[in-house]
>>> print(open('structure18.txt').read())   # compact mmCIF, C-alpha atoms
# COMPACT_ATOMS: atom_id res chain seq x y z
CA MET A 1 -8.65 11.91 13.79
CA PRO A 2 -5.50 12.72 15.75
CA SER A 3 -5.04 11.69 19.34
CA GLN A 4 -5.69 14.22 22.06
CA GLN A 5 -2.44 13.43 23.82
CA SER A 6 0.54 11.12 23.73
CA LYS A 7 3.11 9.70 26.06
CA PRO A 8 5.62 12.54 26.41
CA PRO A 9 9.15 11.75 25.27
CA ASP A 10 11.76 11.78 28.01
CA GLY A 11 15.11 13.49 28.49
CA ARG A 12 16.79 15.32 25.66
CA LEU A 13 13.80 15.17 23.31
CA ALA A 14 11.46 16.74 25.87
CA ARG A 15 13.98 19.49 26.64
CA LEU A 16 14.28 20.28 22.94
CA ARG A 17 10.52 20.69 22.63
CA GLY A 18 10.24 22.95 25.65
CA PRO A 19 7.12 23.44 27.80
CA GLN A 20 4.59 22.92 25.00
CA PRO A 21 2.47 19.73 25.16
CA PRO A 22 3.82 17.04 22.80
CA GLN A 23 2.12 16.49 19.48
CA PRO A 24 1.19 12.80 19.16
CA TYR A 25 2.35 10.35 16.55
CA THR A 26 -0.41 9.48 14.09
CA ALA A 27 -0.54 6.92 11.29
CA ARG A 28 -0.24 9.82 8.84
CA LYS A 29 2.97 11.04 10.51
CA ILE A 30 4.46 7.56 10.55
CA THR A 31 3.79 6.99 6.85
CA ALA A 32 5.39 10.37 6.09
CA LEU A 33 8.41 9.51 8.22
CA THR A 34 8.89 6.09 6.63
CA ALA A 35 8.52 7.63 3.18
CA ASN A 36 11.80 9.43 3.86
CA PRO A 37 13.64 7.38 6.52
CA ALA A 38 16.94 9.17 5.91
CA CYS A 39 15.56 12.48 7.23
CA ALA A 40 17.00 12.94 10.72
CA ARG A 41 15.25 16.30 11.00
CA ARG A 42 11.76 14.83 10.71
CA ALA A 43 12.63 11.88 12.96
CA VAL A 44 13.68 14.19 15.83
CA LEU A 45 10.83 16.67 15.36
CA ASP A 46 8.20 13.92 15.43
CA ALA A 47 9.80 11.99 18.29
CA ALA A 48 10.08 15.16 20.39
CA GLY A 49 6.43 15.95 19.70
CA VAL A 50 7.21 19.35 18.15
CA ASP A 51 4.36 21.14 16.40
CA LYS A 52 5.97 21.27 12.94
CA ALA A 53 3.34 23.60 11.48
CA LEU A 54 3.93 26.16 14.24
CA LEU A 55 7.71 25.71 14.01
CA ALA A 56 7.64 26.34 10.26
CA GLN A 57 5.52 29.43 10.83
CA GLN A 58 7.92 30.74 13.47
CA VAL A 59 10.85 30.60 11.04
CA GLY A 60 8.87 32.25 8.24
CA TYR A 61 7.50 29.29 6.30
CA GLU A 62 3.73 28.96 6.62
CA PRO A 63 2.65 25.41 5.63
CA ARG A 64 0.44 25.39 2.55
CA PHE A 65 -1.56 22.23 3.03
CA GLY A 66 -3.98 20.69 5.48
CA GLN A 67 -7.67 20.01 5.82
CA SER A 68 -10.13 22.89 5.68
CA PRO A 69 -12.70 23.34 8.48
CA PHE A 70 -15.37 22.33 5.95
CA ALA A 71 -13.57 19.08 5.14
CA LEU A 72 -13.10 18.31 8.84
CA ALA A 73 -16.80 18.93 9.53
CA ARG A 74 -17.78 16.71 6.60
CA GLU A 75 -15.50 13.94 7.86
CA GLN A 76 -16.93 14.12 11.37
CA ALA A 77 -20.49 14.01 10.02
CA PHE A 78 -19.70 10.98 7.88
CA HIS A 79 -18.06 9.21 10.84
CA GLY A 80 -21.23 9.79 12.81
CA LEU A 81 -23.36 8.35 10.02
CA VAL A 82 -21.28 5.18 9.77
CA LYS A 83 -21.35 4.71 13.55
CA TRP A 84 -25.09 5.41 13.90
CA GLY A 85 -27.20 2.59 15.29
CA GLY A 86 -24.32 0.58 16.71
CA TYR A 87 -22.33 0.60 13.46
CA ALA A 88 -25.35 -0.66 11.49
CA GLU A 89 -23.85 0.55 8.20
CA LEU A 90 -20.54 -1.12 8.98
CA ILE A 91 -22.33 -4.44 9.62
CA ARG A 92 -24.12 -4.06 6.26
CA LEU A 93 -20.86 -3.38 4.43
CA LEU A 94 -19.14 -6.34 6.08
CA ARG A 95 -21.96 -8.61 4.90
CA GLU A 96 -21.63 -7.26 1.35
CA GLN A 97 -17.84 -7.37 1.15
CA LEU A 98 -17.26 -10.70 2.89
CA SER A 99 -20.33 -12.44 1.47
CA VAL A 100 -21.08 -14.01 4.84
CA PRO A 101 -24.11 -13.52 7.14
CA VAL A 102 -22.45 -11.19 9.62
CA ALA A 103 -24.66 -10.96 12.72
CA GLU A 104 -25.33 -7.77 14.67
CA ALA A 105 -22.64 -6.95 17.21
CA HIS A 106 -22.17 -4.95 20.37
CA VAL A 107 -19.94 -1.86 20.23
CA THR A 108 -17.48 -0.73 22.89
CA ASP A 109 -16.58 2.97 22.72
CA LEU A 110 -12.88 3.30 23.60
CA ASN A 111 -12.70 7.07 23.28
CA GLU A 112 -12.62 6.94 27.06
CA VAL A 113 -12.53 4.34 29.82
CA GLY A 114 -14.73 5.30 32.76
CA GLY A 115 -14.34 8.95 31.86
CA ASN A 116 -10.54 8.65 31.55
CA THR A 117 -9.23 9.66 28.11
CA ALA A 118 -5.53 8.97 28.84
CA LEU A 119 -4.01 6.99 25.99
CA HIS A 120 -2.18 4.49 28.20
CA VAL A 121 -5.46 3.69 30.02
CA ARG A 122 -7.35 3.25 26.74
CA GLU A 123 -4.51 1.12 25.34
CA ARG A 124 -4.60 -1.16 28.37
CA GLU A 125 -8.38 -1.57 28.02
CA THR A 126 -7.96 -2.26 24.30
CA ARG A 127 -5.54 -5.09 25.09
CA ARG A 128 -7.98 -6.53 27.62
CA LEU A 129 -10.84 -6.45 25.11
CA ILE A 130 -8.70 -7.96 22.34
CA THR A 131 -8.02 -10.90 24.64
CA HIS A 132 -11.77 -11.09 25.30
CA VAL A 133 -12.89 -11.03 21.65
CA THR A 134 -10.34 -13.68 20.73
CA SER A 135 -11.47 -15.98 23.55
CA GLY A 136 -14.35 -17.49 21.59
CA GLN A 137 -15.74 -17.64 18.06
CA ASP A 138 -19.10 -16.19 19.15
CA VAL A 139 -17.82 -13.03 20.86
CA ARG A 140 -19.28 -10.28 18.64
CA LEU A 141 -17.81 -6.99 19.80
CA ILE A 142 -16.71 -4.10 17.60
CA LEU A 143 -14.03 -1.90 19.16
CA ASP A 144 -14.66 1.78 18.38
CA ARG A 145 -11.46 3.88 18.45
CA PRO A 146 -9.19 1.25 20.04
CA VAL A 147 -5.69 2.37 21.04
CA LEU A 148 -2.65 0.42 19.84
CA THR A 149 1.09 1.01 20.20
CA LEU A 150 4.02 0.76 17.82
CA GLU A 151 7.73 1.46 18.25
CA VAL A 152 8.88 4.23 15.90
CA ALA A 153 12.48 5.50 15.93
CA GLY A 154 12.86 4.29 19.51
CA GLN A 155 9.65 5.98 20.72
CA THR A 156 6.27 4.50 21.61
CA ALA A 157 3.54 5.74 19.26
CA TYR A 158 -0.08 5.54 20.38
CA LEU A 159 -2.39 4.95 17.43
CA GLU A 160 -6.17 5.02 17.01
CA PRO A 161 -7.76 3.18 14.08
CA ASP A 162 -11.43 4.00 13.53
CA ALA A 163 -12.62 0.51 14.41
CA LEU A 164 -11.66 -3.14 14.79
CA THR A 165 -14.23 -5.77 13.91
CA HIS A 166 -14.95 -8.94 15.83
CA ARG A 167 -13.78 -12.23 14.29
CA ILE A 168 -15.53 -12.81 10.96
CA GLY A 169 -14.71 -15.96 9.05
CA GLY A 170 -11.77 -16.47 11.37
CA LYS A 171 -10.32 -12.98 10.77
CA PHE A 172 -10.29 -9.58 12.46
CA TYR A 173 -10.46 -6.51 10.20
CA VAL A 174 -9.16 -2.98 10.72
CA VAL A 175 -11.68 -0.36 9.54
CA LEU A 176 -10.83 3.11 8.22
CA ILE A 177 -13.56 5.71 7.60
CA ARG A 178 -12.72 8.43 5.10
CA SER A 179 -14.81 11.27 3.65
CA PHE A 180 -13.51 11.22 0.05
CA ALA A 181 -16.14 9.83 -2.30
CA ALA A 182 -16.12 6.67 -4.41
CA ILE A 183 -17.70 7.57 -7.76
CA ASP A 184 -19.06 4.52 -9.58
CA GLY A 185 -17.03 2.36 -7.21
CA GLN A 186 -13.76 4.22 -7.86
CA ALA A 187 -12.18 6.58 -5.34
CA ASN A 188 -9.22 8.88 -5.89
CA PRO A 189 -6.23 6.51 -6.29
CA THR A 190 -3.87 8.82 -4.39
CA ALA A 191 -6.29 9.09 -1.46
CA VAL A 192 -6.83 5.32 -1.42
CA ALA A 193 -3.08 4.67 -1.51
CA GLU A 194 -2.54 7.03 1.44
CA ALA A 195 -5.35 5.34 3.39
CA ALA A 196 -3.77 1.94 2.67
CA LYS A 197 -0.41 3.10 4.01
CA GLN A 198 -2.06 4.33 7.20
CA ALA A 199 -4.06 1.10 7.52
CA ALA A 200 -0.79 -0.84 7.28
CA VAL A 201 0.48 1.11 10.31
CA TYR A 202 -2.61 0.07 12.26
CA VAL A 203 -2.38 -3.57 11.19
CA LEU A 204 1.28 -3.70 12.21
CA ALA A 205 0.37 -2.20 15.60
CA LEU A 206 -2.47 -4.72 15.96
CA ARG A 207 -0.05 -7.57 15.25
CA ARG A 208 2.15 -6.19 18.03
CA ALA A 209 -0.83 -6.23 20.41
CA PHE A 210 -1.62 -9.84 19.48
CA ASP A 211 2.03 -10.81 19.92
CA THR A 212 2.18 -9.16 23.34
CA ALA A 213 -0.94 -11.05 24.41
CA GLY A 214 0.42 -14.35 23.08
CA LEU A 215 -2.32 -14.54 20.42
CA PRO A 216 -1.81 -15.87 16.86
CA THR A 217 -1.39 -12.97 14.44
CA GLU A 218 -2.74 -15.17 11.63
CA GLN A 219 -6.17 -14.15 12.89
CA ILE A 220 -5.55 -10.57 11.68
CA SER A 221 -6.60 -10.04 8.07
CA HIS A 222 -4.07 -8.63 5.61
CA GLU A 223 -7.00 -6.70 4.12
CA PHE A 224 -8.66 -3.66 5.64
CA LEU A 225 -12.14 -2.25 5.07
CA LEU A 226 -12.17 1.26 3.62
CA VAL A 227 -15.50 3.03 4.19
CA CYS A 228 -16.27 6.20 2.23
CA PRO A 229 -19.31 7.99 0.75
CA LYS A 230 -20.90 6.49 -2.36
CA ASP A 231 -21.12 8.74 -5.42
CA PHE A 232 -22.52 12.16 -4.49
CA SER A 233 -24.49 10.98 -1.48
CA ASN A 234 -23.49 10.26 2.09
CA ARG A 235 -24.47 6.60 1.82
CA PRO A 236 -21.49 4.56 3.06
CA TYR A 237 -19.65 2.42 0.54
CA GLY A 238 -17.13 -0.24 1.53
CA ARG A 239 -14.21 -1.93 -0.16
CA LEU A 240 -11.66 -4.45 1.08
CA ILE A 241 -8.08 -3.54 0.15
CA ASP A 242 -5.08 -5.88 0.29
CA LEU A 243 -2.20 -4.57 2.39
CA ARG A 244 0.53 -7.15 1.93
CA GLN A 245 2.73 -4.91 -0.21
CA GLU A 246 2.28 -1.93 2.14
CA LEU A 247 3.01 -4.07 5.21
CA ASP A 248 6.27 -5.39 3.76
CA ALA A 249 7.39 -1.88 2.78
CA LEU A 250 6.43 -0.41 6.16
CA GLN A 251 8.29 -3.05 8.15
CA PHE A 252 11.40 -2.51 6.04
CA GLN A 253 11.27 1.28 6.38
CA LEU A 254 10.67 1.17 10.13
CA SER A 255 13.75 -1.01 10.49
CA ARG A 256 15.80 1.69 8.72
CA LEU A 257 14.82 4.51 11.06
CA ARG A 258 17.57 5.66 13.37
CA ARG A 259 16.78 6.15 17.06
CA ALA A 260 15.62 9.70 17.58
CA GLU A 261 17.36 9.89 20.97
CA ASP A 262 20.70 9.12 19.32
CA LEU A 263 20.14 11.78 16.67
CA ALA A 264 19.13 14.36 19.29
CA ALA A 265 22.18 13.57 21.42
CA ARG A 266 24.42 14.88 18.62
CA LEU A 267 22.91 18.36 18.82
CA PRO A 268 24.67 21.18 20.68
CA GLU A 269 23.54 21.67 24.27
CA THR A 270 22.17 25.08 23.30
CA ALA A 271 19.90 23.64 20.60
CA THR A 272 16.17 24.22 21.06
CA LEU A 273 12.97 23.48 19.15
CA ASP A 274 10.82 25.42 21.62
CA THR A 275 8.47 27.45 19.40
CA THR A 276 8.46 30.34 21.92
CA ARG A 277 12.17 31.02 21.31
CA SER A 278 13.61 33.47 18.80
CA THR A 279 13.74 32.83 15.06
CA ASP A 280 17.55 32.83 15.05
CA GLU A 281 17.73 30.23 17.85
CA LEU A 282 15.20 27.99 16.10
CA SER A 283 16.85 28.30 12.69
CA SER A 284 20.31 27.40 13.98
CA SER A 285 18.89 24.37 15.81
CA ILE A 286 16.93 23.19 12.78
CA GLU A 287 20.02 23.54 10.60
CA ALA A 288 21.94 21.30 13.02
CA LEU A 289 19.58 18.44 12.10
CA ASP A 290 20.37 16.77 8.76
CA ALA A 291 17.46 16.92 6.34
CA SER A 292 16.84 14.72 3.32
CA TYR A 293 14.71 16.95 1.11
CA THR A 294 13.08 15.88 -2.15
CA PRO A 295 10.16 17.59 -3.95
CA SER A 296 7.77 14.90 -2.70
CA CYS A 297 8.20 16.31 0.83
CA LEU A 298 6.01 19.25 -0.19
CA SER A 299 2.95 16.99 -0.14
CA PHE A 300 3.33 15.66 3.40
CA CYS A 301 5.75 17.64 5.58
CA GLU A 302 5.07 21.00 7.20
CA MET A 303 8.80 21.85 7.14
CA ALA A 304 9.19 21.12 3.42
CA ARG A 305 9.33 24.73 2.19
CA TYR A 306 12.03 25.56 4.73
CA CYS A 307 14.03 22.50 3.68
CA ARG A 308 13.53 23.30 -0.01
CA ASP A 309 15.08 26.74 0.34
CA GLU A 310 17.91 25.23 2.35
CA ALA A 311 18.48 22.59 -0.37
CA ASP A 312 18.45 25.29 -3.06
CA GLY A 313 21.01 27.30 -1.15
CA CYS A 314 23.51 24.44 -1.00
CA ALA A 315 22.56 23.05 -4.45
CA SER A 316 21.58 19.68 -2.99
CA PRO A 317 20.92 17.03 -5.67
CA GLY A 318 17.84 15.97 -3.70
CA ARG A 319 16.04 19.19 -4.65
CA LEU A 320 15.80 17.78 -8.19
CA GLY A 321 14.19 14.56 -6.95
CA SER A 322 15.18 11.31 -5.30
CA GLY A 323 16.21 9.88 -8.69
CA VAL A 324 18.91 12.53 -9.17
CA ARG A 325 20.03 12.17 -5.55
CA ASN A 326 20.35 8.40 -5.91
CA ASP A 327 22.26 8.75 -9.19
CA LEU A 328 24.87 10.97 -7.52
CA PRO A 329 26.01 8.98 -4.49
CA GLY A 330 28.71 10.78 -2.53
CA ILE A 331 28.15 14.06 -4.37
CA ASP A 332 26.38 16.54 -2.10
CA SER A 333 26.08 19.45 -4.54
CA THR A 334 25.08 19.81 -8.18
CA ARG A 335 27.73 22.54 -8.41
CA THR A 336 30.35 19.95 -7.49
CA ALA A 337 28.87 17.56 -10.05
CA LEU A 338 29.23 20.23 -12.77
CA ASP A 339 32.83 20.89 -11.69
CA TYR A 340 33.59 17.19 -12.11
CA LEU A 341 31.88 17.18 -15.50
CA ASN A 342 33.75 20.25 -16.74
CA GLY A 343 37.10 19.09 -15.42
CA VAL A 344 37.36 21.97 -12.94
CA ALA A 345 37.75 19.52 -10.08
CA ALA A 346 38.81 15.87 -9.81
CA PRO A 347 36.46 13.42 -8.08
CA GLY A 348 37.70 11.39 -5.18
CA GLU A 349 37.50 7.61 -5.04
CA ALA A 350 33.99 7.68 -3.54
CA GLU A 351 32.66 10.00 -6.27
CA ALA A 352 34.49 8.45 -9.24
CA GLU A 353 31.67 6.12 -10.32
CA ALA A 354 29.06 8.89 -10.21
CA ALA A 355 31.38 11.21 -12.14
CA ASP A 356 31.86 8.53 -14.83
CA LEU A 357 28.09 8.19 -15.16
CA LEU A 358 27.75 11.95 -15.49
CA ARG A 359 30.32 12.06 -18.29
CA ALA A 360 28.62 9.17 -20.08
CA ALA A 361 25.24 10.91 -19.80
CA ASP A 362 26.73 14.18 -21.07
CA LEU A 363 28.30 12.39 -24.05
CA LEU A 364 24.97 10.74 -24.88
CA ARG A 365 23.23 14.13 -24.68
CA ARG A 366 25.77 15.66 -27.09
CA LEU A 367 25.40 12.79 -29.57
CA ARG A 368 21.62 13.13 -29.54
CA ARG A 369 21.92 16.86 -30.21
CA ARG A 370 24.13 16.22 -33.22
CA ALA A 371 21.77 13.53 -34.51
CA SER A 372 18.83 15.92 -34.36
>>> encode(input="structure18.txt", output="C-alpha cells")
Amino acid sequence: MPSQQSKPPDGRLARLRGPQPPQPYTARKITALTANPACARRAVLDAAGVDKALLAQQVGYEPRFGQSPFALAREQAFHGLVKWGGYAELIRLLREQLSVPVAEAHVTDLNEVGGNTALHVRERETRRLITHVTSGQDVRLILDRPVLTLEVAGQTAYLEPDALTHRIGGKFYVVLIRSFAAIDGQANPTAVAEAAKQAAVYVLALRRAFDTAGLPTEQISHEFLLVCPKDFSNRPYGRLIDLRQELDALQFQLSRLRRAEDLAARLPETATLDTTRSTDELSSSIEALDASYTPSCLSFCEMARYCRDEADGCASPGRLGSGVRNDLPGIDSTRTALDYLNGVAAPGEAEAEAADLLRAADLLRRLRRRAS
C-alpha cells in the first residue's frame, strides 16, 4: 500500500511540482527507478513528487496499467486475514518456514502514533521500537506497517513494509503480503521477482535504521517472508526468499543515480511540471528532461508511452531495446547508424567502434543470406 504522505521536497523540485501535494516514494517506484538509472526524467519526476499518471494524461498519454478496484479490494481483504488475531497466520507461517517453535507475539500498529499519521512521527517511533526489540532475546513484538527511510537520488524516501518480525533464531525478517496466488506452491515468477526487488528496498532501509541506531545489521535476515494465498483459497501460504542478489544489484543501482536536485537545476527557469498548467508548457518542460526509454519501461512507468513516441520521433536506438542501445554507444539515432553503414556519413572517433561492429554484422547477414 502506498504512503498517505511524504516529506515534501524543497526548493526547485517543489516549485516544479506546483501546489499539488507530493506523491510519495514507494518501494515499487524505487525499483522502477533503479531499473533504469540513466533516466533523468523519471528521477526528477519522482523526487519532485509529481503524479506521473496525471501528468501523462494531461499531455495526452493515458497510462494503460495499474491495479483494478477489484484487485485492490482483494489485496486489502487478504491483508486483513493475515493480520487477524494478532498476526496468528503469520506466526503459523514463521513456525513452518523456520522450523522453530515461534511463540506468540504482541503486535504494535504503526499506521499511526497516538492518532498522528505523519510519516516522520511514525518513522521516529519505528526507530524507538527497533531499539526496544533488539534490547533482549525475549522481546517478542511484531511491528505492523513500520516506517523506514532510504536516500534515493539525494531525497529521503519514507517506506512502509507490511511487517517486521521480532528476533527469531537471532534474525529479524521483513514480511511482504501479496494477493497473487501460489498454486501448488508456485506463484507467478514475474510477480515473485517484483516482490523480491521491493523487499530488497525494505531490507536496505532496515539496515540503514540499524546503522543509525548503532545496531549490528547482521541481525537482519537476507531472506524475506512472502505471504500470499494458497491455491484457490484465501488461506495464507508463506515462503522465504533469498535476497542477496537483489540487494547487491539495488545498492549498485542506487549508487549510480544522479542527484535529482542537480538534474532539476539544469532546467530553464520557466520549466514546470504543475499538472494544472497547459499542455504546451508541460510538454516543453518534459522534453527538457533527458529520458532513457526502452520497451521495458512500458511495464512500470506511467510516462512510457509519451517517451516511446518521443524515441520513435528521433529514431533513438533505445526504442529497439537496451541491447541495441548498448551495442551503439555514442550513436543517438538509428538513422545515423544506417548512414554510417551505407557510407553516407563518416563516423567520428567516438562512434568508430560501433560503426565497425555494424559493418561486421551487416557482412555476416549478407553471407548468411547467400548461404541460404
>>> atom_distance(input="structure18.txt", atom1="atom CA of A:Glu89", atom2="atom CA of A:Ile241")
18.2 Å
>>> closest_atom_pairs(input="structure18.txt", of="stretch 166-250 of chain A", to="stretch 19-40 of chain A", cutoff="8 Å", atoms="all atoms listed in the file", output="JSON lines")
{"residue": "A:Lys197", "atom": "CA", "partner": "A:Thr31", "partner_atom": "CA", "distance": 6.4}
{"residue": "A:Gln198", "atom": "CA", "partner": "A:Ala27", "partner_atom": "CA", "distance": 5.1}
{"residue": "A:Ala199", "atom": "CA", "partner": "A:Ala27", "partner_atom": "CA", "distance": 7.8}
{"residue": "A:Val201", "atom": "CA", "partner": "A:Ala27", "partner_atom": "CA", "distance": 6.0}
{"residue": "A:Tyr202", "atom": "CA", "partner": "A:Ala27", "partner_atom": "CA", "distance": 7.2}
{"residue": "A:Leu250", "atom": "CA", "partner": "A:Thr34", "partner_atom": "CA", "distance": 7.0}
>>> closest_residue(input="structure18.txt", among="A:Ala105, A:Ala355, A:Ala196, A:Val100", to="A:Gly169", atoms="all atoms listed in the file")
A:Val100
>>> closest_residue(input="structure18.txt", among="A:Arg370, A:Arg64, A:Arg259, A:Arg277", to="A:Gly154", atoms="all atoms listed in the file")
A:Arg259
>>> closest_atom_pairs(input="structure18.txt", of="stretch 188-274 of chain A", to="stretch 41-54 of chain A", cutoff="8 Å", atoms="all atoms listed in the file", output="Markdown table")
| residue | atom | partner | partner_atom | distance |
| --- | --- | --- | --- | --- |
| A:Leu257 | CA | A:Ala43 | CA | 7.9 |
| A:Arg258 | CA | A:Ala43 | CA | 8.0 |
| A:Ala260 | CA | A:Val44 | CA | 5.2 |
| A:Glu261 | CA | A:Val44 | CA | 7.6 |
| A:Leu263 | CA | A:Val44 | CA | 6.9 |
| A:Ala264 | CA | A:Val44 | CA | 6.5 |
| A:Leu273 | CA | A:Val50 | CA | 7.2 |
| A:Asp274 | CA | A:Val50 | CA | 7.9 |
>>> write_last_selection(input="structure18.txt", atoms="C-alpha atoms", output="mmCIF file, in the frame of the given file")
data_model
loop_
_atom_site.group_PDB
_atom_site.id
_atom_site.type_symbol
_atom_site.label_atom_id
_atom_site.label_comp_id
_atom_site.auth_asym_id
_atom_site.auth_seq_id
_atom_site.Cartn_x
_atom_site.Cartn_y
_atom_site.Cartn_z
ATOM 1 C CA LEU A 257 14.820 4.510 11.060
ATOM 2 C CA ARG A 258 17.570 5.660 13.370
ATOM 3 C CA ALA A 260 15.620 9.700 17.580
ATOM 4 C CA GLU A 261 17.360 9.890 20.970
ATOM 5 C CA LEU A 263 20.140 11.780 16.670
ATOM 6 C CA ALA A 264 19.130 14.360 19.290
ATOM 7 C CA LEU A 273 12.970 23.480 19.150
ATOM 8 C CA ASP A 274 10.820 25.420 21.620
#
>>> closest_residue(input="structure18.txt", among="A:Ser283, A:Thr108, A:Ser221, A:Gln57", to="A:Arg207", atoms="only C-alpha atoms")
A:Ser221
>>> atom_distance(input="structure18.txt", atom1="atom CA of A:Leu81", atom2="atom CA of A:Arg239")
17.1 Å
>>> residues_near_point(input="structure18.txt", point="(3.2, -4.8, 15.5)", cutoff="12 Å", atoms="only C-alpha atoms", output="ChimeraX atom specification")
/A:148-152,156-159,200-213,217,220,247,250-251,254
>>> write_last_selection(input="structure18.txt", atoms="C-alpha atoms", output="PDB file, in the coordinates of the input")
ATOM      1  CA  LEU A 148      -2.650   0.420  19.840  1.00  0.00           C
ATOM      2  CA  THR A 149       1.090   1.010  20.200  1.00  0.00           C
ATOM      3  CA  LEU A 150       4.020   0.760  17.820  1.00  0.00           C
ATOM      4  CA  GLU A 151       7.730   1.460  18.250  1.00  0.00           C
ATOM      5  CA  VAL A 152       8.880   4.230  15.900  1.00  0.00           C
ATOM      6  CA  THR A 156       6.270   4.500  21.610  1.00  0.00           C
ATOM      7  CA  ALA A 157       3.540   5.740  19.260  1.00  0.00           C
ATOM      8  CA  TYR A 158      -0.080   5.540  20.380  1.00  0.00           C
ATOM      9  CA  LEU A 159      -2.390   4.950  17.430  1.00  0.00           C
ATOM     10  CA  ALA A 200      -0.790  -0.840   7.280  1.00  0.00           C
ATOM     11  CA  VAL A 201       0.480   1.110  10.310  1.00  0.00           C
ATOM     12  CA  TYR A 202      -2.610   0.070  12.260  1.00  0.00           C
ATOM     13  CA  VAL A 203      -2.380  -3.570  11.190  1.00  0.00           C
ATOM     14  CA  LEU A 204       1.280  -3.700  12.210  1.00  0.00           C
ATOM     15  CA  ALA A 205       0.370  -2.200  15.600  1.00  0.00           C
ATOM     16  CA  LEU A 206      -2.470  -4.720  15.960  1.00  0.00           C
ATOM     17  CA  ARG A 207      -0.050  -7.570  15.250  1.00  0.00           C
ATOM     18  CA  ARG A 208       2.150  -6.190  18.030  1.00  0.00           C
ATOM     19  CA  ALA A 209      -0.830  -6.230  20.410  1.00  0.00           C
ATOM     20  CA  PHE A 210      -1.620  -9.840  19.480  1.00  0.00           C
ATOM     21  CA  ASP A 211       2.030 -10.810  19.920  1.00  0.00           C
ATOM     22  CA  THR A 212       2.180  -9.160  23.340  1.00  0.00           C
ATOM     23  CA  ALA A 213      -0.940 -11.050  24.410  1.00  0.00           C
ATOM     24  CA  THR A 217      -1.390 -12.970  14.440  1.00  0.00           C
ATOM     25  CA  ILE A 220      -5.550 -10.570  11.680  1.00  0.00           C
ATOM     26  CA  LEU A 247       3.010  -4.070   5.210  1.00  0.00           C
ATOM     27  CA  LEU A 250       6.430  -0.410   6.160  1.00  0.00           C
ATOM     28  CA  GLN A 251       8.290  -3.050   8.150  1.00  0.00           C
ATOM     29  CA  LEU A 254      10.670   1.170  10.130  1.00  0.00           C
TER      30      LEU A 254
END
>>> atom_distance(input="structure18.txt", atom1="atom CA of A:Ala350", atom2="atom CA of A:Gly330")
6.2 Å
>>> residues_around(input="structure18.txt", residues="stretch 72-80 of chain A", least_positions_apart="4", cutoff="8 Å", atoms="only C-alpha atoms", output="PyMOL selection string")
chain A and resi 67-68+84+177-179+229+234
